[in-house]
>>> print(open('data.txt').read())   # compact mmCIF, C-alpha atoms and all ligand atoms
# COMPACT_ATOMS: atom_id res chain seq x y z
CA MET X 1 -94.57 -9.75 56.66
CA GLN X 2 -93.98 -12.38 53.99
CA LYS X 3 -96.06 -12.32 50.86
CA LYS X 4 -97.98 -15.57 50.89
CA PRO X 5 -99.54 -17.30 47.96
CA GLY X 6 -103.32 -16.93 47.77
CA LEU X 7 -105.91 -18.95 49.64
CA PRO X 8 -105.78 -20.34 53.18
CA PHE X 9 -105.03 -24.01 53.80
CA PRO X 10 -107.42 -26.24 55.78
CA LYS X 11 -107.44 -26.36 59.56
CA ARG X 12 -104.79 -28.56 61.19
CA PHE X 13 -102.92 -28.86 57.91
CA LEU X 14 -99.66 -30.75 58.47
CA TRP X 15 -96.61 -28.68 57.56
CA GLY X 16 -93.35 -30.50 57.86
CA ALA X 17 -90.36 -32.32 56.48
CA SER X 18 -89.41 -35.94 55.81
CA THR X 19 -86.40 -38.16 56.39
CA SER X 20 -85.65 -41.88 56.52
CA SER X 21 -83.55 -43.81 59.02
CA HIS X 22 -80.70 -45.07 56.85
CA GLN X 23 -80.36 -41.75 55.06
CA VAL X 24 -79.87 -39.64 58.18
CA GLU X 25 -79.33 -41.65 61.36
CA GLY X 26 -75.78 -42.89 60.88
CA ASN X 27 -74.25 -46.24 61.84
CA THR X 28 -77.06 -48.45 60.75
CA HIS X 29 -76.32 -52.04 59.86
CA ASN X 30 -78.64 -53.48 57.28
CA GLN X 31 -78.73 -54.92 53.77
CA TRP X 32 -77.75 -51.54 52.33
CA THR X 33 -74.73 -51.18 54.63
CA VAL X 34 -73.33 -54.46 53.36
CA TRP X 35 -74.06 -53.60 49.73
CA GLU X 36 -72.50 -50.12 49.99
CA LEU X 37 -69.22 -51.50 51.24
CA GLU X 38 -69.14 -54.02 48.40
CA ASN X 39 -70.05 -51.48 45.72
CA ALA X 40 -68.59 -48.11 46.76
CA LYS X 41 -65.51 -48.39 44.55
CA ALA X 42 -67.45 -49.41 41.48
CA LEU X 43 -69.99 -46.62 41.99
CA ALA X 44 -67.20 -44.04 42.36
CA ALA X 45 -65.55 -45.31 39.18
CA LYS X 46 -68.80 -44.96 37.20
CA ALA X 47 -69.64 -41.44 38.48
CA GLU X 48 -67.91 -39.45 35.77
CA TYR X 49 -69.50 -41.44 33.00
CA LEU X 50 -72.96 -41.10 34.58
CA PHE X 51 -72.92 -37.51 35.76
CA LYS X 52 -70.38 -35.53 33.75
CA ASP X 53 -73.06 -33.87 31.63
CA LEU X 54 -74.87 -32.40 34.61
CA ASP X 55 -74.49 -28.68 35.31
CA SER X 56 -73.68 -29.59 38.89
CA TRP X 57 -70.76 -31.84 37.90
CA GLU X 58 -67.93 -29.33 38.52
CA GLU X 59 -69.23 -28.74 42.01
CA ALA X 60 -70.01 -32.40 42.73
CA LYS X 61 -67.15 -34.25 41.09
CA SER X 62 -64.64 -34.50 43.90
CA GLU X 63 -67.28 -36.00 46.18
CA ALA X 64 -68.90 -38.10 43.48
CA LYS X 65 -65.58 -39.70 42.43
CA SER X 66 -64.70 -40.72 45.97
CA PRO X 67 -65.75 -44.18 47.25
CA ALA X 68 -66.44 -42.65 50.69
CA ASN X 69 -69.38 -40.79 49.13
CA TYR X 70 -71.18 -44.11 48.58
CA VAL X 71 -71.03 -45.31 52.17
CA ALA X 72 -73.70 -43.94 54.51
CA GLY X 73 -71.41 -44.32 57.55
CA ASP X 74 -72.23 -41.64 60.10
CA ALA X 75 -74.67 -40.05 57.63
CA VAL X 76 -75.75 -36.87 59.45
CA ASP X 77 -75.72 -38.50 62.88
CA HIS X 78 -79.39 -37.75 63.38
CA TYR X 79 -79.67 -40.73 65.75
CA ASN X 80 -77.65 -38.75 68.31
CA ARG X 81 -78.52 -35.23 67.23
CA TYR X 82 -82.27 -35.50 66.94
CA GLU X 83 -82.94 -32.93 69.66
CA GLU X 84 -81.04 -30.29 67.71
CA ASP X 85 -82.89 -31.29 64.54
CA PHE X 86 -86.29 -31.13 66.25
CA GLN X 87 -85.45 -27.61 67.40
CA ILE X 88 -84.96 -26.70 63.73
CA LEU X 89 -88.44 -28.05 62.97
CA LYS X 90 -89.76 -25.73 65.66
CA GLN X 91 -87.74 -22.84 64.31
CA LEU X 92 -89.37 -23.45 60.92
CA ASN X 93 -92.85 -23.47 62.51
CA MET X 94 -93.49 -27.05 61.41
CA ASN X 95 -96.11 -29.20 63.08
CA ALA X 96 -95.31 -32.60 61.51
CA PHE X 97 -92.23 -34.75 60.95
CA ARG X 98 -91.96 -37.90 58.90
CA PHE X 99 -89.21 -40.39 59.73
CA SER X 100 -88.72 -44.13 59.51
CA ILE X 101 -87.98 -46.74 62.10
CA GLU X 102 -84.88 -48.76 61.28
CA TRP X 103 -86.11 -52.36 61.50
CA SER X 104 -82.50 -53.62 61.64
CA ARG X 105 -81.95 -51.70 64.88
CA VAL X 106 -85.16 -52.92 66.47
CA GLU X 107 -84.62 -56.55 65.46
CA PRO X 108 -80.93 -56.95 64.58
CA GLU X 109 -81.18 -60.76 64.71
CA GLU X 110 -84.23 -62.79 63.88
CA GLY X 111 -86.66 -62.67 66.79
CA ALA X 112 -84.26 -60.78 69.11
CA TRP X 113 -85.55 -57.34 70.05
CA ASN X 114 -83.08 -54.62 70.89
CA ALA X 115 -84.43 -52.88 73.99
CA GLU X 116 -82.09 -49.92 73.62
CA ALA X 117 -83.21 -49.14 70.09
CA ILE X 118 -86.86 -49.49 71.08
CA GLU X 119 -86.29 -47.12 73.98
CA HIS X 120 -84.65 -44.67 71.60
CA TYR X 121 -87.65 -44.58 69.26
CA LYS X 122 -90.01 -44.26 72.22
CA LYS X 123 -88.15 -41.23 73.50
CA TYR X 124 -87.88 -39.86 70.00
CA THR X 125 -91.61 -39.96 69.28
CA ALA X 126 -92.48 -38.74 72.78
CA ARG X 127 -90.18 -35.77 72.28
CA LEU X 128 -91.82 -34.85 68.98
CA LYS X 129 -95.22 -35.05 70.59
CA ALA X 130 -94.08 -32.91 73.51
CA LEU X 131 -92.87 -30.28 71.06
CA GLY X 132 -96.27 -30.22 69.37
CA ILE X 133 -94.99 -31.97 66.24
CA GLU X 134 -97.03 -34.84 64.81
CA PRO X 135 -94.78 -37.93 64.51
CA MET X 136 -95.42 -39.62 61.17
CA VAL X 137 -93.84 -43.05 61.35
CA THR X 138 -92.75 -45.10 58.34
CA LEU X 139 -92.06 -48.77 59.05
CA PHE X 140 -90.17 -49.75 55.89
CA HIS X 141 -88.21 -47.17 53.92
CA PHE X 142 -86.06 -49.35 51.60
CA THR X 143 -83.77 -50.91 54.24
CA LEU X 144 -84.05 -54.47 55.53
CA PRO X 145 -82.28 -56.30 58.35
CA VAL X 146 -79.50 -58.50 56.98
CA TRP X 147 -81.14 -61.68 58.32
CA PHE X 148 -84.44 -60.85 56.61
CA ALA X 149 -82.68 -60.10 53.31
CA GLN X 150 -80.82 -63.41 53.60
CA LYS X 151 -84.13 -65.21 53.91
CA GLY X 152 -85.10 -63.70 50.56
CA GLY X 153 -86.74 -60.49 51.83
CA PHE X 154 -90.03 -59.66 50.19
CA GLU X 155 -89.39 -62.12 47.37
CA LYS X 156 -91.07 -64.77 49.49
CA ARG X 157 -94.66 -64.58 50.61
CA SER X 158 -93.82 -66.69 53.65
CA ASN X 159 -91.51 -63.89 54.88
CA VAL X 160 -94.33 -61.39 55.27
CA LYS X 161 -95.01 -62.79 58.73
CA TYR X 162 -91.67 -61.44 59.98
CA PHE X 163 -92.60 -57.96 58.87
CA LEU X 164 -95.95 -58.23 60.63
CA ARG X 165 -94.29 -59.36 63.84
CA TYR X 166 -92.02 -56.29 63.72
CA VAL X 167 -94.96 -53.98 62.96
CA GLU X 168 -96.91 -55.27 65.93
CA LYS X 169 -93.94 -55.06 68.25
CA ILE X 170 -92.75 -51.56 67.43
CA ILE X 171 -96.17 -49.97 67.19
CA SER X 172 -97.32 -51.43 70.48
CA GLU X 173 -94.10 -50.15 72.08
CA LEU X 174 -94.49 -46.64 70.69
CA GLY X 175 -97.91 -46.40 72.27
CA PRO X 176 -100.30 -43.46 72.16
CA ASN X 177 -97.83 -40.90 70.81
CA VAL X 178 -98.23 -42.31 67.33
CA ARG X 179 -101.33 -41.92 65.22
CA ILE X 180 -100.20 -41.79 61.59
CA VAL X 181 -98.44 -44.92 60.37
CA THR X 182 -97.01 -45.46 56.90
CA THR X 183 -96.39 -49.14 56.41
CA MET X 184 -94.01 -48.69 53.48
CA ASN X 185 -92.37 -46.03 51.40
CA GLU X 186 -92.67 -46.19 47.61
CA PRO X 187 -93.11 -49.95 47.20
CA THR X 188 -93.07 -49.63 43.40
CA VAL X 189 -89.78 -47.72 43.40
CA TYR X 190 -88.27 -50.21 45.83
CA ALA X 191 -89.28 -53.19 43.69
CA LEU X 192 -88.13 -51.62 40.43
CA GLU X 193 -84.77 -50.35 41.67
CA SER X 194 -83.98 -53.53 43.57
CA TYR X 195 -85.33 -56.21 41.21
CA TYR X 196 -85.38 -54.68 37.77
CA ASN X 197 -83.16 -51.64 37.30
CA HIS X 198 -80.20 -53.18 39.02
CA HIS X 199 -79.47 -50.01 41.01
CA TRP X 200 -80.14 -51.13 44.58
CA PRO X 201 -79.53 -54.28 46.62
CA PRO X 202 -79.95 -57.11 46.04
CA ALA X 203 -79.35 -55.75 42.52
CA MET X 204 -80.85 -58.79 40.91
CA VAL X 205 -80.45 -59.58 37.29
CA ARG X 206 -83.52 -58.11 35.61
CA SER X 207 -86.46 -60.28 36.39
CA ARG X 208 -90.03 -59.39 35.53
CA TYR X 209 -91.21 -62.36 37.49
CA LYS X 210 -89.38 -61.28 40.68
CA LEU X 211 -90.59 -57.72 40.24
CA TRP X 212 -94.17 -58.93 40.02
CA ARG X 213 -93.74 -61.26 42.98
CA VAL X 214 -92.15 -58.62 45.21
CA LEU X 215 -94.91 -56.13 44.37
CA ASN X 216 -97.58 -58.66 45.25
CA ASN X 217 -95.86 -59.59 48.49
CA LEU X 218 -95.50 -55.93 49.46
CA ALA X 219 -99.18 -55.37 48.73
CA SER X 220 -100.04 -58.33 50.91
CA ALA X 221 -97.72 -57.04 53.66
CA HIS X 222 -99.49 -53.70 53.57
CA ARG X 223 -102.98 -55.19 53.66
CA GLN X 224 -102.15 -57.45 56.56
CA SER X 225 -100.35 -54.66 58.45
CA ALA X 226 -103.36 -52.38 58.03
CA LYS X 227 -105.67 -55.06 59.43
CA LEU X 228 -103.29 -55.64 62.30
CA LEU X 229 -102.96 -51.94 63.13
CA HIS X 230 -106.68 -51.29 62.95
CA GLY X 231 -107.21 -54.33 65.16
CA MET X 232 -104.77 -52.89 67.69
CA ASN X 233 -106.48 -49.52 67.76
CA ARG X 234 -108.87 -47.67 65.47
CA ARG X 235 -107.00 -44.43 66.07
CA TYR X 236 -104.26 -45.46 63.64
CA LYS X 237 -104.40 -43.75 60.29
CA VAL X 238 -102.71 -46.25 58.01
CA MET X 239 -101.01 -45.09 54.83
CA ILE X 240 -98.67 -45.97 52.03
CA SER X 241 -96.33 -43.34 50.64
CA HIS X 242 -96.73 -43.79 46.95
CA ASN X 243 -94.35 -42.38 44.35
CA SER X 244 -96.36 -40.67 41.67
CA ALA X 245 -95.42 -38.58 38.65
CA TYR X 246 -97.61 -36.76 36.22
CA TYR X 247 -97.53 -38.10 32.64
CA TYR X 248 -98.84 -35.94 29.86
CA PRO X 249 -98.76 -36.17 26.05
CA GLY X 250 -96.42 -33.65 24.43
CA ASP X 251 -98.57 -33.49 21.29
CA ASN X 252 -102.01 -34.49 20.17
CA ALA X 253 -100.94 -37.68 18.43
CA TRP X 254 -102.91 -40.79 19.30
CA LEU X 255 -99.80 -42.71 20.25
CA SER X 256 -98.58 -40.01 22.67
CA ARG X 257 -101.96 -39.85 24.38
CA VAL X 258 -102.35 -43.61 24.72
CA SER X 259 -98.75 -44.07 25.89
CA ALA X 260 -99.08 -41.35 28.53
CA ALA X 261 -102.27 -42.99 29.84
CA ILE X 262 -100.64 -46.45 29.97
CA MET X 263 -97.55 -45.10 31.72
CA GLN X 264 -99.73 -43.29 34.23
CA TYR X 265 -101.59 -46.52 34.91
CA PHE X 266 -98.38 -48.37 35.67
CA GLN X 267 -97.03 -45.49 37.72
CA ASP X 268 -100.07 -45.30 39.96
CA ASP X 269 -102.89 -47.69 39.54
CA TYR X 270 -101.31 -51.07 38.96
CA PHE X 271 -100.11 -51.16 42.56
CA LEU X 272 -102.56 -48.83 44.29
CA ARG X 273 -105.49 -50.98 43.18
CA LYS X 274 -104.11 -53.77 45.34
CA VAL X 275 -103.85 -51.73 48.54
CA ILE X 276 -106.08 -48.68 48.44
CA LYS X 277 -109.00 -50.27 50.30
CA HIS X 278 -106.61 -50.77 53.17
CA CYS X 279 -105.46 -47.15 53.42
CA ASP X 280 -107.06 -44.42 55.50
CA VAL X 281 -104.98 -41.75 53.82
CA LEU X 282 -102.80 -41.88 50.73
CA GLY X 283 -99.29 -40.47 50.97
CA VAL X 284 -98.06 -38.91 47.74
CA ASN X 285 -94.39 -38.50 46.87
CA PHE X 286 -94.02 -36.22 43.88
CA TYR X 287 -90.73 -35.24 42.26
CA PHE X 288 -91.37 -34.61 38.55
CA SER X 289 -93.63 -34.90 35.54
CA ASN X 290 -93.00 -36.83 32.37
CA ARG X 291 -93.85 -35.47 28.93
CA VAL X 292 -94.55 -38.25 26.47
CA TYR X 293 -93.95 -38.14 22.72
CA GLY X 294 -94.91 -41.30 20.88
CA TYR X 295 -93.97 -44.06 23.29
CA ARG X 296 -91.00 -42.23 24.85
CA VAL X 297 -90.58 -39.79 27.70
CA HIS X 298 -89.04 -36.51 26.54
CA SER X 299 -89.37 -33.92 29.27
CA PRO X 300 -88.68 -30.23 28.58
CA GLN X 301 -85.61 -30.05 30.87
CA GLU X 302 -86.02 -26.28 31.05
CA ARG X 303 -85.16 -26.36 34.70
CA VAL X 304 -83.46 -29.35 36.27
CA SER X 305 -82.20 -30.30 39.71
CA ASP X 306 -78.56 -31.10 40.51
CA VAL X 307 -79.20 -34.75 39.61
CA GLY X 308 -80.79 -33.75 36.30
CA TRP X 309 -84.43 -34.36 37.26
CA ASP X 310 -86.86 -32.22 35.32
CA LEU X 311 -88.43 -29.62 37.58
CA SER X 312 -92.12 -28.98 37.11
CA PRO X 313 -93.23 -28.38 40.70
CA ALA X 314 -96.62 -26.79 39.92
CA ASP X 315 -97.71 -30.06 38.28
CA ILE X 316 -98.19 -31.46 41.76
CA GLN X 317 -101.70 -30.06 41.24
CA TYR X 318 -102.48 -32.53 38.44
CA THR X 319 -101.10 -35.49 40.36
CA LEU X 320 -103.19 -34.63 43.41
CA GLU X 321 -106.29 -34.04 41.31
CA ARG X 322 -105.91 -37.33 39.49
CA LEU X 323 -105.36 -39.38 42.63
CA ASN X 324 -108.31 -37.64 44.24
CA ARG X 325 -110.53 -38.40 41.25
CA LYS X 326 -109.51 -42.03 41.14
CA TYR X 327 -109.33 -42.93 44.81
CA LYS X 328 -111.44 -40.34 46.63
CA MET X 329 -109.57 -40.28 49.88
CA PRO X 330 -107.57 -37.84 51.96
CA LEU X 331 -104.10 -37.16 50.60
CA ILE X 332 -100.90 -36.00 52.26
CA VAL X 333 -97.83 -35.00 50.29
CA THR X 334 -95.32 -37.11 52.19
CA GLU X 335 -92.31 -36.19 50.02
CA THR X 336 -91.35 -33.70 47.39
CA GLY X 337 -88.17 -31.76 46.92
CA LEU X 338 -85.04 -31.36 44.86
CA ALA X 339 -81.27 -31.72 44.93
CA ASP X 340 -80.09 -28.11 44.98
CA ALA X 341 -76.71 -27.57 46.64
CA THR X 342 -76.63 -23.83 45.97
CA ASP X 343 -80.23 -23.36 47.15
CA SER X 344 -80.93 -21.34 44.05
CA GLN X 345 -84.18 -23.11 43.04
CA ARG X 346 -85.74 -24.37 46.26
CA ARG X 347 -87.74 -21.26 47.10
CA TRP X 348 -89.16 -21.10 43.59
CA PHE X 349 -89.90 -24.85 43.73
CA ILE X 350 -91.83 -24.58 47.00
CA THR X 351 -93.74 -21.47 45.88
CA GLN X 352 -94.88 -23.26 42.73
CA GLN X 353 -96.04 -26.20 44.80
CA LEU X 354 -97.97 -24.04 47.23
CA ILE X 355 -99.79 -22.51 44.30
CA GLY X 356 -100.38 -25.95 42.75
CA MET X 357 -101.74 -27.33 46.03
CA GLN X 358 -104.05 -24.38 46.47
CA LYS X 359 -105.48 -24.94 43.02
CA ALA X 360 -106.01 -28.61 43.86
CA LEU X 361 -107.72 -27.67 47.13
CA LYS X 362 -109.99 -25.35 45.21
CA GLU X 363 -110.91 -28.26 42.93
CA GLY X 364 -112.05 -30.16 46.00
CA VAL X 365 -109.01 -32.32 46.74
CA ASP X 366 -108.97 -33.39 50.39
CA LEU X 367 -105.34 -32.49 51.00
CA ARG X 368 -104.18 -32.73 54.60
CA GLY X 369 -100.47 -31.98 54.60
CA TYR X 370 -97.19 -31.16 52.89
CA LEU X 371 -93.89 -32.66 54.01
CA HIS X 372 -90.82 -31.52 52.18
CA TRP X 373 -88.00 -33.89 51.31
CA SER X 374 -85.85 -33.48 53.20
CA LEU X 375 -85.25 -31.81 56.51
CA LEU X 376 -81.53 -32.51 56.27
CA ASP X 377 -78.96 -33.22 53.60
CA ASN X 378 -78.66 -36.98 53.55
CA PHE X 379 -77.43 -40.19 51.96
CA GLU X 380 -79.15 -40.33 48.60
CA TRP X 381 -78.99 -44.11 48.01
CA ALA X 382 -76.88 -45.11 45.00
CA TYR X 383 -75.91 -41.46 44.39
CA GLY X 384 -74.35 -41.28 47.83
CA LYS X 385 -73.99 -38.03 49.72
CA TRP X 386 -73.29 -35.44 47.06
CA PRO X 387 -76.89 -34.52 46.10
CA ARG X 388 -78.18 -31.96 48.61
CA TYR X 389 -81.88 -32.31 49.31
CA GLY X 390 -81.91 -30.64 52.73
CA LEU X 391 -83.84 -27.62 53.87
CA VAL X 392 -80.89 -27.71 56.23
CA ALA X 393 -77.35 -28.01 54.89
CA VAL X 394 -75.09 -30.41 56.75
CA ASP X 395 -71.31 -30.34 56.71
CA TYR X 396 -70.45 -34.06 56.70
CA LYS X 397 -67.08 -33.44 58.35
CA THR X 398 -68.28 -31.45 61.35
CA GLN X 399 -71.98 -32.40 61.30
CA GLN X 400 -72.75 -28.73 61.56
CA ARG X 401 -76.28 -27.77 60.51
CA THR X 402 -77.02 -24.54 58.62
CA VAL X 403 -80.59 -23.71 57.78
CA ARG X 404 -80.69 -22.76 54.10
CA PRO X 405 -82.19 -19.37 53.14
CA SER X 406 -85.10 -21.03 51.30
CA ALA X 407 -85.99 -22.88 54.51
CA LEU X 408 -85.95 -19.71 56.58
CA TRP X 409 -88.29 -18.18 54.05
CA PHE X 410 -90.50 -21.31 54.04
CA GLY X 411 -90.65 -21.22 57.85
CA LYS X 412 -92.07 -17.72 57.73
CA ILE X 413 -94.59 -18.72 55.09
CA ILE X 414 -95.70 -21.66 57.25
CA LYS X 415 -96.19 -19.35 60.18
CA ALA X 416 -98.35 -17.02 58.13
CA MET X 417 -100.32 -19.96 56.66
CA ARG X 418 -100.96 -21.47 60.07
CA GLN X 419 -102.31 -18.18 61.35
CA GLU X 420 -104.73 -18.05 58.47
CA GLU X 421 -106.05 -21.61 58.53
CA LYS X 422 -109.74 -21.94 57.77
C1 LIG B 501 -87.30 -41.58 48.39
C2 LIG B 501 -86.23 -40.91 49.22
C3 LIG B 501 -85.23 -40.26 48.30
C4 LIG B 501 -85.93 -39.24 47.45
C5 LIG B 501 -85.03 -38.46 46.50
C6 LIG B 501 -87.78 -40.77 47.22
O1 LIG B 501 -88.08 -41.60 46.16
O2 LIG B 501 -88.36 -41.98 49.20
O3 LIG B 501 -85.66 -41.87 50.06
O4 LIG B 501 -84.15 -39.72 48.99
O5 LIG B 501 -86.88 -39.89 46.66
O6 LIG B 501 -84.52 -39.29 45.53
>>> encode(input="data.txt", output="structure tokens")
Amino acid sequence: MQKKPGLPFPKRFLWGASTSSHQVEGNTHNQWTVWELENAKALAAKAEYLFKDLDSWEEAKSEAKSPANYVAGDAVDHYNRYEEDFQILKQLNMNAFRFSIEWSRVEPEEGAWNAEAIEHYKKYTARLKALGIEPMVTLFHFTLPVWFAQKGGFEKRSNVKYFLRYVEKIISELGPNVRIVTTMNEPTVYALESYYNHHWPPAMVRSRYKLWRVLNNLASAHRQSAKLLHGMNRRYKVMISHNSAYYYPGDNAWLSRVSAAIMQYFQDDYFLRKVIKHCDVLGVNFYFSNRVYGYRVHSPQERVSDVGWDLSPADIQYTLERLNRKYKMPLIVTETGLADATDSQRRWFITQQLIGMQKALKEGVDLRGYLHWSLLDNFEWAYGKWPRYGLVAVDYKTQQRTVRPSALWFGKIIKAMRQEEK
């Protein structure tokens, strides 16, 4: 019998893992695909400069210096191997799975629906349901059809109608198997990385104005999608998966305290205020905390992931408590995880989070689920394939799946937790 951390979780708690289409499916053709091919060489050339100080560099460098790393290509071929992957979810005793629909497959050309792709996603969700796994659909997880990107994507308010047309089409096709719908993943991260930080396509020259405009258009797209979905059927639980982080002052100085509060506001509230009334549940993606000294972030870096992100998994408690206080609605952790190729920190990371979530539950947070990022190793955007986020390791050459020891352990914990639900 596994030792399990403390208190029981609520009834019907969702235990699962997350993925997104472009990161796992393989052979997608969208705005990212085009951008990757144009930028792979440059990204490979910059890798040493960017990552050489990481502890993981020795292990990662041959992959990270190769242009092939920066092209999603076959990814982990989940599009064809989903049955095998769903069996792993079962093996791990999970009852929920979060994935995204690839809009560019469903509508490869403007207004032209791809019946084969639609059929695929219908079968896919029906299969999850048949296995007793709740399908949690995301409609936009960072990738756009090429034609939509060429029209200016979410930079233009007049383009929102195309998104709505896709939402209506795919959701009506998926039918009664789907209940939980996330309109978009991390809109603030998408807007910042694509329109301000210059990391992701269209990799615009820094523009505060564009950033602001894209955020407002995304908020409008969410609000209108929520109205549409609720109009289609009240059973839909409409969400956003929001990227949060916990900001805290590193000392008692006035400046540190004020800066941490301002940063927290921009992390969470600036955008959430625009959409929260149109959410039934709030999805929370949590990866790290930020310690603030003066007006700068200076995190302890006592434990870091393979990509150098500060690991403070128990702080998920404070993020959940704050969002609960502010927005008073059910929360689901829709992503959290770490790049850890040797699987030496994942079990510790998950244990800390279970404890953090239990403390939050005790404080009255209405927490409904925990979905780990990710089920499988996958294409980590501008980092490419070398960071390993999977509960399941994938050999990119053979596509062989190996469940990591931390995942086997987590599967047993889930089983014990589900037996004890209140
Ligand atoms: C994104 C995922 C990504 C993960 C790890 C999240 O912000 O939603 O697509 O892989 O972080 O970086």
>>> residues_around(input="data.txt", residues="range 100-110 of chain X", least_positions_apart="6", cutoff="7 Å", atoms="only C-alpha atoms", output="mmCIF file with C-alpha atoms, keeping the file's coordinate frame")
data_model
loop_
_atom_site.group_PDB
_atom_site.id
_atom_site.type_symbol
_atom_site.label_atom_id
_atom_site.label_comp_id
_atom_site.auth_asym_id
_atom_site.auth_seq_id
_atom_site.Cartn_x
_atom_site.Cartn_y
_atom_site.Cartn_z
ATOM 1 C CA SER X 20 -85.650 -41.880 56.520
ATOM 2 C CA SER X 21 -83.550 -43.810 59.020
ATOM 3 C CA HIS X 29 -76.320 -52.040 59.860
ATOM 4 C CA ASN X 30 -78.640 -53.480 57.280
ATOM 5 C CA ALA X 117 -83.210 -49.140 70.090
ATOM 6 C CA ILE X 118 -86.860 -49.490 71.080
ATOM 7 C CA VAL X 137 -93.840 -43.050 61.350
ATOM 8 C CA THR X 138 -92.750 -45.100 58.340
ATOM 9 C CA LEU X 139 -92.060 -48.770 59.050
ATOM 10 C CA PHE X 140 -90.170 -49.750 55.890
ATOM 11 C CA HIS X 141 -88.210 -47.170 53.920
ATOM 12 C CA LEU X 144 -84.050 -54.470 55.530
ATOM 13 C CA PRO X 145 -82.280 -56.300 58.350
ATOM 14 C CA TRP X 147 -81.140 -61.680 58.320
#
>>> closest_residue(input="data.txt", among="X:Asn216, X:Asn378, X:Gln399, X:Ser172", to="ligand LIG 501 (chain B)", atoms="only C-alpha atoms and all ligand atoms")
X:Asn378
>>> closest_atom_pairs(input="data.txt", of="chain X", to="ligand LIG 501 (chain B)", cutoff="8 Å", atoms="all atoms listed in the file", output="JSON lines")
{"residue": "X:Thr19", "atom": "CA", "partner": "B:LIG501", "partner_atom": "O3", "distance": 7.4}
{"residue": "X:Ser20", "atom": "CA", "partner": "B:LIG501", "partner_atom": "O3", "distance": 6.5}
{"residue": "X:Gln23", "atom": "CA", "partner": "B:LIG501", "partner_atom": "O3", "distance": 7.3}
{"residue": "X:His141", "atom": "CA", "partner": "B:LIG501", "partner_atom": "O2", "distance": 7.0}
{"residue": "X:Phe142", "atom": "CA", "partner": "B:LIG501", "partner_atom": "O3", "distance": 7.6}
{"residue": "X:Asn185", "atom": "CA", "partner": "B:LIG501", "partner_atom": "O2", "distance": 6.1}
{"residue": "X:Glu186", "atom": "CA", "partner": "B:LIG501", "partner_atom": "O2", "distance": 6.2}
{"residue": "X:Val189", "atom": "CA", "partner": "B:LIG501", "partner_atom": "O1", "distance": 6.9}
{"residue": "X:Asn243", "atom": "CA", "partner": "B:LIG501", "partner_atom": "O1", "distance": 6.6}
{"residue": "X:Asn285", "atom": "CA", "partner": "B:LIG501", "partner_atom": "C6", "distance": 7.0}
{"residue": "X:Tyr287", "atom": "CA", "partner": "B:LIG501", "partner_atom": "O5", "distance": 7.5}
{"residue": "X:Glu335", "atom": "CA", "partner": "B:LIG501", "partner_atom": "C6", "distance": 7.0}
{"residue": "X:Thr336", "atom": "CA", "partner": "B:LIG501", "partner_atom": "O5", "distance": 7.7}
{"residue": "X:Gly337", "atom": "CA", "partner": "B:LIG501", "partner_atom": "C5", "distance": 7.4}
{"residue": "X:Leu338", "atom": "CA", "partner": "B:LIG501", "partner_atom": "C5", "distance": 7.3}
{"residue": "X:Ala339", "atom": "CA", "partner": "B:LIG501", "partner_atom": "C5", "distance": 7.9}
{"residue": "X:Trp373", "atom": "CA", "partner": "B:LIG501", "partner_atom": "C4", "distance": 6.9}
{"residue": "X:Ser374", "atom": "CA", "partner": "B:LIG501", "partner_atom": "O4", "distance": 7.7}
{"residue": "X:Asn378", "atom": "CA", "partner": "B:LIG501", "partner_atom": "O4", "distance": 7.6}
{"residue": "X:Phe379", "atom": "CA", "partner": "B:LIG501", "partner_atom": "O4", "distance": 7.4}
{"residue": "X:Glu380", "atom": "CA", "partner": "B:LIG501", "partner_atom": "O4", "distance": 5.1}
{"residue": "X:Trp381", "atom": "CA", "partner": "B:LIG501", "partner_atom": "O4", "distance": 6.8}
{"residue": "X:Tyr389", "atom": "CA", "partner": "B:LIG501", "partner_atom": "C5", "distance": 7.5}
>>> atom_distance(input="data.txt", atom1="CA of Val392 in chain X", atom2="CA of Leu375 in chain X")
6.0 Å
>>> residues_around(input="data.txt", residues="Asn324 in chain X", least_positions_apart="3", cutoff="10 Å", atoms="only C-alpha atoms", output="list in words")
Leu282, Tyr318, Thr319, Leu320, Glu321, Tyr327, Lys328, Met329, Pro330, Leu331, Ala360, Glu363, Gly364, Val365, Asp366 and Leu367 of chain X
>>> residues_near_point(input="data.txt", point="(-86.5, -60.0, 40.1)", cutoff="10 Å", atoms="all atoms listed in the file", output="list in words")
Glu155, Ala191, Leu192, Glu193, Ser194, Tyr195, Tyr196, Asn197, His198, Pro202, Ala203, Met204, Val205, Arg206, Ser207, Arg208, Tyr209, Lys210, Leu211, Trp212, Arg213 and Val214 of chain X
>>> atom_distance(input="data.txt", atom1="CA of Ala44 in chain X", atom2="CA of Asp310 in chain X")
24.0 Å
>>> residues_around(input="data.txt", residues="Thr188 in chain X", least_positions_apart="6", cutoff="8 Å", atoms="all atoms listed in the file", output="PyMOL selection string")
chain X and resi 215+242-243+271
>>> closest_residue(input="data.txt", among="X:Val181, X:Asn217, X:Phe99, X:Ala17", to="His372 in chain X", atoms="all atoms listed in the file")
X:Ala17
>>> atom_distance(input="data.txt", atom1="CA of Leu92 in chain X", atom2="CA of Gly356 in chain X")
21.4 Å
>>> closest_residue(input="data.txt", among="X:Tyr370, X:Gln31, X:Ala60, X:Arg234", to="Gly153 in chain X", atoms="all atoms listed in the file")
X:Gln31
>>> residues_around(input="data.txt", residues="range 292-304 of chain X", least_positions_apart="3", cutoff="12 Å", atoms="all atoms listed in the file", output="PyMOL selection string")
chain X and resi 54-56+246-264+287-289+307-313+337-340+344-346+348-349
